[in-house]
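Taking it in order: structure first as structure tokens, then the write-up.
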Amino acid sequence: MHFSFLGLGNMGAPLAMNLLKAGEKLNIYTRRDACAEDFTSHGATAAAKIADLADCDVLCTCLPMPQHVMDTVLGSDGLYAKMRPGSIHLEFSTLDPATAEKLAQAAAARGIGYVQATVSKTPAIAAEGNAPFFVGGDRPSVEKLMPILKKIGKPHDLRTVDAACAVKLISNLIGMSNVALVAEGLRVGQLAGMDGNELLDLLLDTGCASFQMKTRGPWMEAGDYKARFSIDIAAKDLRLGCAMAAAWGYKPKLFAQTLQYLQQGHEEGIGDEDVSALFKITK
């Protein structure tokens, strides 16, 4: 199959490179010369403009915001208007269910398949071909793409677009709330006069141990706030997640409090730092 790819950021770039490694034809679009050269040196072609990506069997998008995806594919100048019937939109971005459903309906109206394959975990895991994909969409398109998804990651067929979006958002709602809890716990331990690393060692042997404590707890103690997953990106995902819950009739409480922490981080000028920097606002 001939793939096009838009969104060669931290997560998109390794997914696109995995397609090349799997032997697929790939056309990419990027404004960064170094990125384009990296892909063309591995056999990809580089489109001169986004519209050129429409000539494909499968359009892949992995973009920061839902609006970026909608602006790219919808409307008279969008890629859906230029893609041929029978092609597929494979969407890797973190979207809310309402946006993904709108995309799926617009694609279907053009005779285009739609597969939501929300990607999770880290760029390093994606590069290894082990990133989870939460997959949903029209069945013929899902079945057609599942073999290639298995080559570039770890797909989980959740059947519906709603579920494919929800799992990632729920994961981030819980995970980022856990980061906030770890930050507060370490701050209280500091007030008790404890060494933070000793406290972490003790806590990791108790029932409160978690991935975020094991991973980001030491970063908090070291003052390492290099953005692996920034406060601003986390806030975007939590806004989507809280809105998703509200749309389904549930008003989240703890998740909403975590979102307030993230918004405070943005207001204090640390939005481009890792979510571990939430430790700063516990003072």
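Residues are named by chain letter and number: chains run A, B, ... in the order of the structure tokens, numbers start at 1 in each chain, and ligands are numbered from 1 in the order shown.
Residues of segment 133-171 of chain A that DSSP, applied to the backbone, places in alpha helix (DSSP H): A:Arg139, A:Pro140, A:Ser141, A:Val142, A:Glu143, A:Lys144, A:Leu145, A:Met146, A:Pro147, A:Ile148, A:Leu149, A:Lys150, A:Lys151, A:Ile152, A:Val161, A:Asp162, A:Ala163, A:Ala164, A:Cys165, A:Ala166, A:Val167, A:Lys168, A:Leu169, A:Ile170, A:Ser171.
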Go ahead and write the residues just picked, N, CA, C and O atoms, as a CSV table (one decimal), in the first residue's frame.
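Writing done, so here's again_33.csv:
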```csv
chain,number,residue,atom,x,y,z
A,139,ARG,N,-15.4,-1.5,9.9
A,139,ARG,CA,-14.8,-2.9,10.0
A,139,ARG,C,-13.9,-3.2,8.8
A,139,ARG,O,-12.8,-3.7,8.9
A,140,PRO,N,-14.4,-3.0,7.5
A,140,PRO,CA,-13.5,-3.3,6.4
A,140,PRO,C,-12.1,-2.6,6.5
A,140,PRO,O,-11.1,-3.2,6.2
A,141,SER,N,-12.1,-1.4,6.9
A,141,SER,CA,-10.9,-0.6,6.9
A,141,SER,C,-10.0,-1.1,8.1
A,141,SER,O,-8.8,-1.2,7.9
A,142,VAL,N,-10.6,-1.4,9.2
A,142,VAL,CA,-9.8,-1.9,10.3
A,142,VAL,C,-9.2,-3.2,10.0
A,142,VAL,O,-8.0,-3.5,10.2
A,143,GLU,N,-10.0,-4.1,9.3
A,143,GLU,CA,-9.4,-5.4,9.0
A,143,GLU,C,-8.3,-5.3,7.9
A,143,GLU,O,-7.4,-6.1,7.9
A,144,LYS,N,-8.5,-4.4,7.0
A,144,LYS,CA,-7.4,-4.2,6.0
A,144,LYS,C,-6.1,-3.7,6.6
A,144,LYS,O,-5.0,-4.1,6.2
A,145,LEU,N,-6.2,-2.8,7.6
A,145,LEU,CA,-5.0,-2.2,8.2
A,145,LEU,C,-4.4,-2.9,9.3
A,145,LEU,O,-3.3,-2.7,9.7
A,146,MET,N,-5.2,-3.9,9.9
A,146,MET,CA,-4.7,-4.5,11.1
A,146,MET,C,-3.3,-5.3,10.9
A,146,MET,O,-2.5,-5.2,11.8
A,147,PRO,N,-3.1,-5.9,9.8
A,147,PRO,CA,-1.8,-6.5,9.6
A,147,PRO,C,-0.6,-5.6,9.6
A,147,PRO,O,0.4,-5.9,10.2
A,148,ILE,N,-0.8,-4.4,9.0
A,148,ILE,CA,0.3,-3.4,9.1
A,148,ILE,C,0.4,-2.8,10.4
A,148,ILE,O,1.5,-2.5,10.9
A,149,LEU,N,-0.7,-2.6,11.1
A,149,LEU,CA,-0.6,-2.0,12.5
A,149,LEU,C,0.1,-3.0,13.4
A,149,LEU,O,0.9,-2.5,14.3
A,150,LYS,N,0.0,-4.3,13.2
A,150,LYS,CA,0.7,-5.3,14.0
A,150,LYS,C,2.2,-5.2,13.7
A,150,LYS,O,3.0,-5.6,14.6
A,151,LYS,N,2.6,-4.7,12.5
A,151,LYS,CA,4.0,-4.6,12.2
A,151,LYS,C,4.7,-3.4,12.8
A,151,LYS,O,5.9,-3.4,13.1
A,152,ILE,N,3.9,-2.4,13.1
A,152,ILE,CA,4.5,-1.1,13.5
A,152,ILE,C,4.1,-0.8,15.0
A,152,ILE,O,4.6,0.2,15.5
A,161,VAL,N,-15.1,3.9,17.4
A,161,VAL,CA,-14.3,5.1,17.4
A,161,VAL,C,-14.3,5.7,18.8
A,161,VAL,O,-13.3,6.2,19.3
A,162,ASP,N,-15.5,5.7,19.4
A,162,ASP,CA,-15.6,6.3,20.8
A,162,ASP,C,-14.6,5.6,21.8
A,162,ASP,O,-13.9,6.3,22.5
A,163,ALA,N,-14.6,4.3,21.7
A,163,ALA,CA,-13.7,3.5,22.7
A,163,ALA,C,-12.2,3.8,22.3
A,163,ALA,O,-11.4,3.9,23.2
A,164,ALA,N,-11.9,3.8,21.0
A,164,ALA,CA,-10.5,4.1,20.6
A,164,ALA,C,-10.0,5.4,21.1
A,164,ALA,O,-8.8,5.5,21.4
A,165,CYS,N,-10.9,6.4,21.2
A,165,CYS,CA,-10.5,7.7,21.7
A,165,CYS,C,-10.4,7.7,23.2
A,165,CYS,O,-9.6,8.2,23.9
A,166,ALA,N,-11.4,7.0,23.8
A,166,ALA,CA,-11.6,7.1,25.3
A,166,ALA,C,-10.5,6.5,26.1
A,166,ALA,O,-10.1,7.0,27.1
A,167,VAL,N,-10.0,5.4,25.6
A,167,VAL,CA,-9.0,4.7,26.4
A,167,VAL,C,-7.7,5.6,26.7
A,167,VAL,O,-7.2,5.7,27.8
A,168,LYS,N,-7.2,6.2,25.6
A,168,LYS,CA,-6.1,7.1,25.8
A,168,LYS,C,-6.4,8.3,26.7
A,168,LYS,O,-5.6,8.6,27.6
A,169,LEU,N,-7.6,8.9,26.6
A,169,LEU,CA,-7.9,10.0,27.4
A,169,LEU,C,-8.1,9.5,28.9
A,169,LEU,O,-7.7,10.2,29.8
A,170,ILE,N,-8.7,8.4,29.1
A,170,ILE,CA,-8.8,7.9,30.5
A,170,ILE,C,-7.5,7.6,31.1
A,170,ILE,O,-7.2,7.9,32.2
A,171,SER,N,-6.6,7.0,30.2
A,171,SER,CA,-5.2,6.8,30.7
A,171,SER,C,-4.5,8.0,31.2
A,171,SER,O,-3.9,8.1,32.2
```
Any idea what's packed within 10 Å of Leu90 of chain A, counting only C-alpha atoms, ignoring anything in its chain fewer than 3 positions away? Could you give it as a list of chain:residue names?
A:Phe3, A:Ser4, A:Phe5, A:Val58, A:Leu59, A:Cys60, A:Thr61, A:Cys62, A:Ser87, A:Ser93, A:Gly113, A:Tyr114, A:Val115, A:Gln116, A:Ala117, A:Thr118, A:Val135, A:Gly137, A:Ser141, A:Val142, A:Leu145
Counting only C-alpha atoms, what is within 12 Å of Gln105 of chain A, bar same-chain residues fewer than 2 positions away, as an mmCIF file with C-alpha atoms, in the first residue's frame?
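Listing of out_22.cif after writing:
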```cif
data_model
loop_
_atom_site.group_PDB
_atom_site.id
_atom_site.type_symbol
_atom_site.label_atom_id
_atom_site.label_comp_id
_atom_site.auth_asym_id
_atom_site.auth_seq_id
_atom_site.Cartn_x
_atom_site.Cartn_y
_atom_site.Cartn_z
ATOM 1 C CA LEU A 74 -12.396 18.793 6.107
ATOM 2 C CA TYR A 80 -10.959 14.336 2.019
ATOM 3 C CA HIS A 89 -7.732 7.837 6.824
ATOM 4 C CA ALA A 98 -17.049 13.754 19.188
ATOM 5 C CA THR A 99 -14.307 14.976 16.845
ATOM 6 C CA ALA A 100 -13.413 11.460 15.723
ATOM 7 C CA GLU A 101 -17.061 10.662 15.006
ATOM 8 C CA LYS A 102 -17.355 13.828 12.931
ATOM 9 C CA LEU A 103 -14.277 12.831 10.938
ATOM 10 C CA ALA A 107 -14.929 10.384 5.476
ATOM 11 C CA ALA A 108 -17.801 7.971 4.884
ATOM 12 C CA ALA A 109 -19.701 10.625 2.938
ATOM 13 C CA ARG A 110 -16.737 10.749 0.544
ATOM 14 C CA GLY A 111 -16.389 6.966 0.298
ATOM 15 C CA ILE A 112 -13.265 7.060 2.454
ATOM 16 C CA GLY A 113 -12.642 4.594 5.269
ATOM 17 C CA TYR A 114 -11.819 5.872 8.756
ATOM 18 C CA VAL A 115 -9.713 4.117 11.385
ATOM 19 C CA GLY A 137 -13.572 2.392 12.948
ATOM 20 C CA ASP A 138 -15.437 0.872 10.020
ATOM 21 C CA VAL A 161 -14.255 5.084 17.405
#
```
Among A:Lys251, A:Lys214, A:Lys236, A:Arg187, Lys283 of chain A is approached most closely, using only C-alpha atoms, by A:Arg187
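Take atom CA of Ala16 of chain A and atom CA of Ala104 of chain A: the distance between them is 22.0 Å.
Between atom CA of Lys226 of chain A and atom CA of Met17 of chain A the interatomic distance comes to 24.4 Å.
Within the 7 Å cut-off around Ala54 of chain A, using only C-alpha atoms and omitting residues fewer than 6 positions from it on the same chain, the listed residues are Leu79, Lys82 and Met83 of chain A.
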Just-selected residues, C-alpha atoms written as a CSV table (one decimal), in the first residue's frame:
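Output (out_29.csv):
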```
chain,number,residue,atom,x,y,z
A,79,LEU,CA,-7.7,16.3,1.9
A,82,LYS,CA,-9.0,15.2,-2.9
A,83,MET,CA,-8.6,11.6,-1.7
```
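When atom CA of Asp205 of chain A is paired with atom CA of Ala183 of chain A, their separation reads 17.6 Å.
Residue nearest Lys49 of chain A, chosen from A:Ala34, A:Met194, A:Leu238, A:Tyr29 and counting only C-alpha atoms: A:Tyr29.
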Write out as a PDB file with N, CA and C atoms, in the first residue's frame the residues lying within 6 Å of segment 255-263 of chain A, counting only C-alpha atoms and excluding same-chain residues fewer than 2 positions away.
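The result, written out as result03.pdb:
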```
ATOM      1  N   SER A 177      -3.280  12.679  36.954  1.00  0.00           N
ATOM      2  CA  SER A 177      -3.736  12.865  38.329  1.00  0.00           C
ATOM      3  C   SER A 177      -2.770  12.193  39.292  1.00  0.00           C
ATOM      4  N   ILE A 231       3.378  19.988  30.320  1.00  0.00           N
ATOM      5  CA  ILE A 231       2.198  20.424  31.053  1.00  0.00           C
ATOM      6  C   ILE A 231       1.110  20.900  30.097  1.00  0.00           C
ATOM      7  N   ALA A 235      -2.481  19.247  29.689  1.00  0.00           N
ATOM      8  CA  ALA A 235      -3.695  20.034  29.939  1.00  0.00           C
ATOM      9  C   ALA A 235      -4.681  19.884  28.791  1.00  0.00           C
ATOM     10  N   PRO A 252     -16.493  15.045  36.227  1.00  0.00           N
ATOM     11  CA  PRO A 252     -15.352  14.550  37.006  1.00  0.00           C
ATOM     12  C   PRO A 252     -14.909  15.553  38.065  1.00  0.00           C
ATOM     13  N   LYS A 253     -14.417  15.033  39.173  1.00  0.00           N
ATOM     14  CA  LYS A 253     -14.006  15.887  40.296  1.00  0.00           C
ATOM     15  C   LYS A 253     -12.491  15.887  40.462  1.00  0.00           C
ATOM     16  N   GLY A 265       0.073  25.626  36.186  1.00  0.00           N
ATOM     17  CA  GLY A 265       1.435  25.510  35.677  1.00  0.00           C
ATOM     18  C   GLY A 265       1.637  26.353  34.435  1.00  0.00           C
ATOM     19  N   HIS A 266       0.651  26.328  33.539  1.00  0.00           N
ATOM     20  CA  HIS A 266       0.731  27.154  32.332  1.00  0.00           C
ATOM     21  C   HIS A 266       0.779  28.633  32.705  1.00  0.00           C
TER      22      HIS A 266
END
```
Which of segment 12-185 of chain A DSSP labels strand (DSSP E), written as JSON, numbers by chain
{"A": [25, 26, 27, 28, 29, 45, 46, 58, 59, 60, 61, 88, 89, 90, 91, 113, 114, 115, 116, 117, 118, 119, 132, 133, 134, 135, 136, 137, 154, 155, 156, 157, 158, 159]}
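Those residues that approach Ala46 of chain A to within 9 Å, counting only C-alpha atoms, are Leu26, Asn27, Ile28, Tyr29, Thr30, Ala36, Glu37, Phe39, Thr40, Ala44, Ala48 and Lys49 of chain A; same-chain residues fewer than 2 positions away are not listed.
When only C-alpha atoms are used to compute distances to Leu173 of chain A, the closest of the residues A:Gly241, A:Gly129, A:Gly196, A:Gly189 turns out to be A:Gly241.
Distances here use only C-alpha atoms; by that measure, the residue among A:His42, A:Ala81, A:Ser120, A:Arg32 closest to Asp55 of chain A is A:Ala81.
Restricting the calculation to only C-alpha atoms, the smallest distance between Thr72 of chain A and any of A:Arg84, A:Leu6, A:Pro123, A:Met244 is found for A:Leu6.
Excluding Ala124 of chain A itself and same-chain residues fewer than 6 positions from it, the residues having an atom within 9 Å of it are Met11, Pro14, Asn130 and Ala131 of chain A, counting only C-alpha atoms.
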